[in-house]
Amino acid sequence: MKTKVGIIGAGPAGLMLSHLLQLEGIESIILESRSREDIEGTIRAGVLEQGTIDLLNATGVGERMMREGHVHEGIELQFRNKRHRIDFKELTGGKEIMVYAQHEVIKDLVAARLDAGGQIYFNVSDVSLHQIETDTPKIKFCQEDGRELEEIECDFIAGCDGFHGPSRKAIPDRVKVEKQKVYPFGWLGILADAPPANPELIYSNHERGFALVSTRSPEIQRYYLQVDPNDDIKNWSDDRIWEELHARVDMDGWRLTDGPIIQKNIVSMRSFVCETMRYGRLFLAGDSAHIVPPTGAKGLNLAVADIQVLAKGITEFYKEGKEETLEHYSDICLRRVWKAQRFSNWMTTMLHRDFEHSSFEHGIQLAELEYVTSSRAAMTSLAENYVGLPLEIQSNAEKLQI
Ligand code: APR
Ligand code: PHB
């Protein structure tokens, strides 16, 4: 097989890249190790920045999101038994966020790719990358039920295969620069069959630990509890989950409505950056290059931002014979990635209860919350980061020429 761009992974990064390239008339093939049903049904986070909303709309895949998603103009921060609203729309000159589950974005992108005749191979195995330092990189893989290894010859490989995929591992250790922090926190996430509790998300810092009130639809709600990352979900009966949620978010005169829990799991939290986002003709994008803790709601949005840079670079390569954006791909993406890392780390540190902390450190944490909910400058900083910082696609070299 032959194509221009071989894409490993049909997450938001791989699907969006294939979609943007197709709009420019550039062909690609996507290889995905899981089934279509699996990727379309896996529950992940669900907050889209203004820039992500705009991109989905501008490229013709935003229609269902606009119909079924929920626009939020702000969030609430809760601590010391009080709620404080951060008004994004007012503080950022009109920007908003959309609560629309990641697997719904995946469904819309898969449908758009298949409708346009795009090639997605699901259920592939044994994916490996070859000759990535050359102009003719190759991907080897086995098709579903196939025993023979097949080969795709391409001009570029996009490693969009998440944190555990083979792409990042194909970069030699001697050139790879990786940085990470692991948090002593886990998130227990549930989907509950219950009516919405609040018109906006509530981030609660409580003595017993962090809790988050989010939503999915008028019938289904999404809630999270800070737990020990090594805890076992079997230790969490539905009654215990509700008891803990009530303790951490209920206030005088306001009580979360219970309902049957239809899904629950625990995830650990880390911040991770692979600064070598480009090696030869291999480009990493999304979770394969960086992971953020979910407190800032940035994961999917960062993946989409990388892809816009990569799609621009590849398009310039074919249409104008220019390689500058591709050459500077890592630097261009990393500037924004590190800012999102800063914000996600800050939100996580401010909102979670670190049980190793002294009473002094806890005092500083509450003062941070008092400050961020009382100073307009601090609120604006939170708001502009949450709705998404601008995507500056120009490289340093291009900026200097202006
Ligand atoms: N071969 C083919 N596909 C693979 C392989 C492999 N060896 N390994 C992983 N994959 C696939 C996964 O099955 C998954 O569908 O790559 C895809 C990666 O998708 P995501 O993990 O969703 O990563 P990304 O597209 O970068 O999107 C980032 O996803 O995990 C969330 O919070 C994260 O919102 C963020 C977003
Ligand atoms: C979600 O709805 O899944 C969600 C919302 C906000 C976050 C993380 C996850 O910060």
# chains A, B, ... in the order shown; residues from 1 in each chain; ligands from 1
call {"tool": "residues_around", "arguments": {"residues": "Ala192 of chain A", "least_positions_apart": "3", "cutoff": "6 Å", "atoms": "only C-alpha atoms", "output": "short mmCIF file (atom, residue, chain, number, x, y, z; two decimals) with all heavy atoms, in the first residue's frame"}}
result
data_model
loop_
_atom_site.label_atom_id
_atom_site.label_comp_id
_atom_site.auth_asym_id
_atom_site.auth_seq_id
_atom_site.Cartn_x
_atom_site.Cartn_y
_atom_site.Cartn_z
N ILE A 220 -28.18 12.18 31.67
CA ILE A 220 -26.96 11.54 32.17
C ILE A 220 -25.99 12.59 32.72
O ILE A 220 -25.68 13.57 32.03
CB ILE A 220 -26.23 10.76 31.04
CG1 ILE A 220 -27.17 9.78 30.33
CG2 ILE A 220 -24.98 10.05 31.57
CD1 ILE A 220 -27.49 8.53 31.08
N GLN A 221 -25.50 12.34 33.95
CA GLN A 221 -24.55 13.28 34.54
C GLN A 221 -23.19 12.62 34.74
O GLN A 221 -23.09 11.40 34.88
CB GLN A 221 -25.10 13.80 35.90
CG GLN A 221 -26.51 14.34 35.81
CD GLN A 221 -26.72 15.27 34.60
OE1 GLN A 221 -25.90 16.15 34.30
NE2 GLN A 221 -27.81 15.06 33.86
N GLY A 259 -28.99 8.94 41.54
CA GLY A 259 -29.62 8.12 40.50
C GLY A 259 -28.77 6.89 40.31
O GLY A 259 -27.66 6.81 40.86
N PRO A 260 -29.23 5.92 39.52
CA PRO A 260 -28.43 4.73 39.29
C PRO A 260 -27.09 5.08 38.62
O PRO A 260 -27.05 5.90 37.70
CB PRO A 260 -29.30 3.90 38.32
CG PRO A 260 -30.66 4.49 38.41
CD PRO A 260 -30.53 5.92 38.82
N ILE A 261 -26.02 4.46 39.10
CA ILE A 261 -24.69 4.68 38.49
C ILE A 261 -24.53 3.68 37.36
O ILE A 261 -24.63 2.46 37.56
CB ILE A 261 -23.58 4.53 39.57
CG1 ILE A 261 -23.70 5.67 40.58
CG2 ILE A 261 -22.19 4.52 38.92
CD1 ILE A 261 -22.70 5.64 41.72
N ILE A 262 -24.28 4.18 36.12
CA ILE A 262 -24.24 3.26 34.98
C ILE A 262 -22.82 2.94 34.53
O ILE A 262 -22.60 2.05 33.73
CB ILE A 262 -25.09 3.78 33.79
CG1 ILE A 262 -24.78 5.25 33.51
CG2 ILE A 262 -26.56 3.59 34.06
CD1 ILE A 262 -25.63 5.85 32.41
#
call {"tool": "closest_atom_pairs", "arguments": {"of": "chain A", "to": "ligand 1", "cutoff": "7 Å", "atoms": "only C-alpha atoms and all ligand atoms", "output": "CSV"}}
result
residue,atom,partner,partner_atom_place_in_ligand_line,distance
A:Ile8,CA,ligand 1,2 (C),5.2
A:Gly9,CA,ligand 1,16 (O),3.3
A:Ala10,CA,ligand 1,15 (O),4.7
A:Gly11,CA,ligand 1,25 (O),3.4
A:Pro12,CA,ligand 1,25 (O),4.0
A:Ala13,CA,ligand 1,25 (O),3.7
A:Gly14,CA,ligand 1,25 (O),5.7
A:Leu31,CA,ligand 1,2 (C),5.3
A:Glu32,CA,ligand 1,3 (N),3.8
A:Ser33,CA,ligand 1,2 (C),4.0
A:Arg34,CA,ligand 1,13 (O),5.1
A:Ile39,CA,ligand 1,15 (O),5.8
A:Arg44,CA,ligand 1,31 (C),6.5
A:Ala45,CA,ligand 1,34 (O),6.2
A:Gln102,CA,ligand 1,34 (O),6.8
A:Val124,CA,ligand 1,2 (C),6.5
A:Ser125,CA,ligand 1,1 (N),6.3
A:Asp126,CA,ligand 1,7 (N),6.7
A:Val127,CA,ligand 1,7 (N),5.2
A:Cys160,CA,ligand 1,26 (O),5.4
A:Asp161,CA,ligand 1,16 (O),3.3
A:Gly162,CA,ligand 1,21 (O),3.9
A:Phe163,CA,ligand 1,21 (O),6.6
A:His164,CA,ligand 1,8 (N),6.1
A:Gly165,CA,ligand 1,8 (N),3.8
A:Pro166,CA,ligand 1,7 (N),5.4
A:Ala285,CA,ligand 1,26 (O),6.1
A:Gly286,CA,ligand 1,26 (O),3.4
A:Asp287,CA,ligand 1,26 (O),3.8
A:Ser288,CA,ligand 1,26 (O),5.9
A:Lys298,CA,ligand 1,34 (O),7.0
A:Gly299,CA,ligand 1,35 (C),3.7
A:Leu300,CA,ligand 1,34 (O),3.3
A:Asn301,CA,ligand 1,34 (O),6.9
A:Ala303,CA,ligand 1,26 (O),5.2
call {"tool": "closest_atom_pairs", "arguments": {"of": "segment 60-100 of chain A", "to": "segment 205-213 of chain A", "cutoff": "10 Å", "atoms": "only C-alpha atoms", "output": "tab-separated table"}}
result
residue	atom	partner	partner_atom	distance
A:Glu76	CA	A:Val213	CA	9.7
A:Leu77	CA	A:Asn205	CA	7.8
A:Gln78	CA	A:Asn205	CA	6.1
A:Phe79	CA	A:Asn205	CA	5.2
A:Arg80	CA	A:His206	CA	7.5
A:Asn81	CA	A:His206	CA	8.4
call {"tool": "write_last_selection", "arguments": {"atoms": "N, CA and C atoms", "output": "compact mmCIF listing (two decimals), in the first residue's frame"}}
result
# COMPACT_ATOMS: atom_id res chain seq x y z
N GLU A 76 -17.98 27.17 38.22
CA GLU A 76 -18.01 27.59 39.62
C GLU A 76 -16.89 26.91 40.39
N LEU A 77 -16.24 27.67 41.26
CA LEU A 77 -15.25 27.10 42.17
C LEU A 77 -15.88 27.09 43.56
N GLN A 78 -15.82 25.95 44.24
CA GLN A 78 -16.43 25.82 45.56
C GLN A 78 -15.35 25.51 46.59
N PHE A 79 -15.34 26.29 47.68
CA PHE A 79 -14.47 25.98 48.83
C PHE A 79 -15.04 26.71 50.03
N ARG A 80 -14.69 26.23 51.22
CA ARG A 80 -15.22 26.79 52.48
C ARG A 80 -16.73 26.96 52.41
N ASN A 81 -17.39 25.95 51.84
CA ASN A 81 -18.86 25.92 51.79
C ASN A 81 -19.49 27.10 51.05
call {"tool": "residues_near_ligand", "arguments": {"ligand": "ligand 2", "cutoff": "10 Å", "atoms": "only C-alpha atoms and all ligand atoms", "output": "ChimeraX atom specification"}}
result
/A:43-48,75,98-102,187,189-191,201-203,212-216,221-224,293-299,344,347-348,386
call {"tool": "closest_residue", "arguments": {"among": "A:Gln263, A:Thr349, A:Thr52, A:Ser18", "to": "Val5 of chain A", "atoms": "only C-alpha atoms"}}
result
A:Ser18
call {"tool": "select_by_dssp", "arguments": {"residues": "segment 110-317 of chain A", "states": "strand (DSSP E or B)", "output": "PyMOL selection string"}}
result
chain A and resi 119-121+125-130+138-142+150-153+156-159+178-193+201-204+211-215+220-227+251+254+261-274+278-279+282-284+290-291
call {"tool": "residues_around", "arguments": {"residues": "Gly74 of chain A", "least_positions_apart": "5", "cutoff": "9 Å", "atoms": "only C-alpha atoms", "output": "PyMOL selection string"}}
result
chain A and resi 85-90+96-97+200-201+383
call {"tool": "atom_distance", "arguments": {"atom1": "atom CA of Tyr183 of chain A", "atom2": "atom CA of Arg240 of chain A"}}
result
23.6 Å
call {"tool": "closest_residue", "arguments": {"among": "A:Val304, A:Met1, A:Ala377, A:Cys274", "to": "Gln180 of chain A", "atoms": "only C-alpha atoms"}}
result
A:Cys274
call {"tool": "residues_around", "arguments": {"residues": "Arg336 of chain A", "least_positions_apart": "4", "cutoff": "12 Å", "atoms": "only C-alpha atoms", "output": "VMD selection string"}}
result
chain A and resid 273 290 298 301 to 306 309 329 to 332 340 to 343 385 388 to 394
call {"tool": "select_by_dssp", "arguments": {"residues": "segment 116-277 of chain A", "states": "helix (DSSP H, G or I)", "output": "list in words"}}
result
Pro166, Ser167, Arg168, Lys169, Ile233, Lys234, Asn235, Asp238, Asp239, Arg240, Ile241, Trp242, Glu243, Glu244, Leu245, His246, Ala247, Arg248 and Val249 of chain A
call {"tool": "residues_around", "arguments": {"residues": "Val267 of chain A", "least_positions_apart": "3", "cutoff": "7 Å", "atoms": "only C-alpha atoms", "output": "list in words"}}
result
Gly186, Trp187, Leu188 and Pro229 of chain A
call {"tool": "write_last_selection", "arguments": {"atoms": "N, CA and C atoms", "output": "PDB file, in the first residue's frame"}}
result
ATOM      1  N   GLY A 186      -5.951  10.255  42.252  1.00  0.00           N
ATOM      2  CA  GLY A 186      -6.652   9.567  41.179  1.00  0.00           C
ATOM      3  C   GLY A 186      -8.032  10.182  41.059  1.00  0.00           C
ATOM      4  N   TRP A 187      -8.679   9.963  39.917  1.00  0.00           N
ATOM      5  CA  TRP A 187     -10.070  10.410  39.760  1.00  0.00           C
ATOM      6  C   TRP A 187     -10.964   9.194  39.598  1.00  0.00           C
ATOM      7  N   LEU A 188     -11.980   9.123  40.463  1.00  0.00           N
ATOM      8  CA  LEU A 188     -13.025   8.117  40.285  1.00  0.00           C
ATOM      9  C   LEU A 188     -14.136   8.816  39.507  1.00  0.00           C
ATOM     10  N   PRO A 229      -4.846   7.035  43.872  1.00  0.00           N
ATOM     11  CA  PRO A 229      -4.721   6.464  42.515  1.00  0.00           C
ATOM     12  C   PRO A 229      -4.576   4.941  42.513  1.00  0.00           C
TER      13      PRO A 229
END
call {"tool": "residues_around", "arguments": {"residues": "segment 63-66 of chain A", "least_positions_apart": "6", "cutoff": "8 Å", "atoms": "only C-alpha atoms", "output": "list in words"}}
result
Asn57, Tyr100, Val105 and Asp108 of chain A
call {"tool": "write_last_selection", "arguments": {"atoms": "N, CA, C and O atoms", "output": "PDB file, in the first residue's frame"}}
result
ATOM      1  N   ASN A  57     -16.716  23.359  13.591  1.00  0.00           N
ATOM      2  CA  ASN A  57     -17.738  24.026  12.772  1.00  0.00           C
ATOM      3  C   ASN A  57     -17.201  24.427  11.404  1.00  0.00           C
ATOM      4  O   ASN A  57     -17.839  24.178  10.379  1.00  0.00           O
ATOM      5  N   TYR A 100     -19.280  18.385  25.488  1.00  0.00           N
ATOM      6  CA  TYR A 100     -19.676  17.428  24.446  1.00  0.00           C
ATOM      7  C   TYR A 100     -18.659  16.297  24.535  1.00  0.00           C
ATOM      8  O   TYR A 100     -17.447  16.526  24.354  1.00  0.00           O
ATOM      9  N   VAL A 105     -17.368  13.240  19.630  1.00  0.00           N
ATOM     10  CA  VAL A 105     -16.502  13.866  18.616  1.00  0.00           C
ATOM     11  C   VAL A 105     -15.933  12.767  17.712  1.00  0.00           C
ATOM     12  O   VAL A 105     -15.904  12.899  16.476  1.00  0.00           O
ATOM     13  N   ASP A 108     -18.480  11.544  15.205  1.00  0.00           N
ATOM     14  CA  ASP A 108     -18.700  12.511  14.121  1.00  0.00           C
ATOM     15  C   ASP A 108     -17.542  12.476  13.123  1.00  0.00           C
ATOM     16  O   ASP A 108     -17.751  12.542  11.906  1.00  0.00           O
TER      17      ASP A 108
END
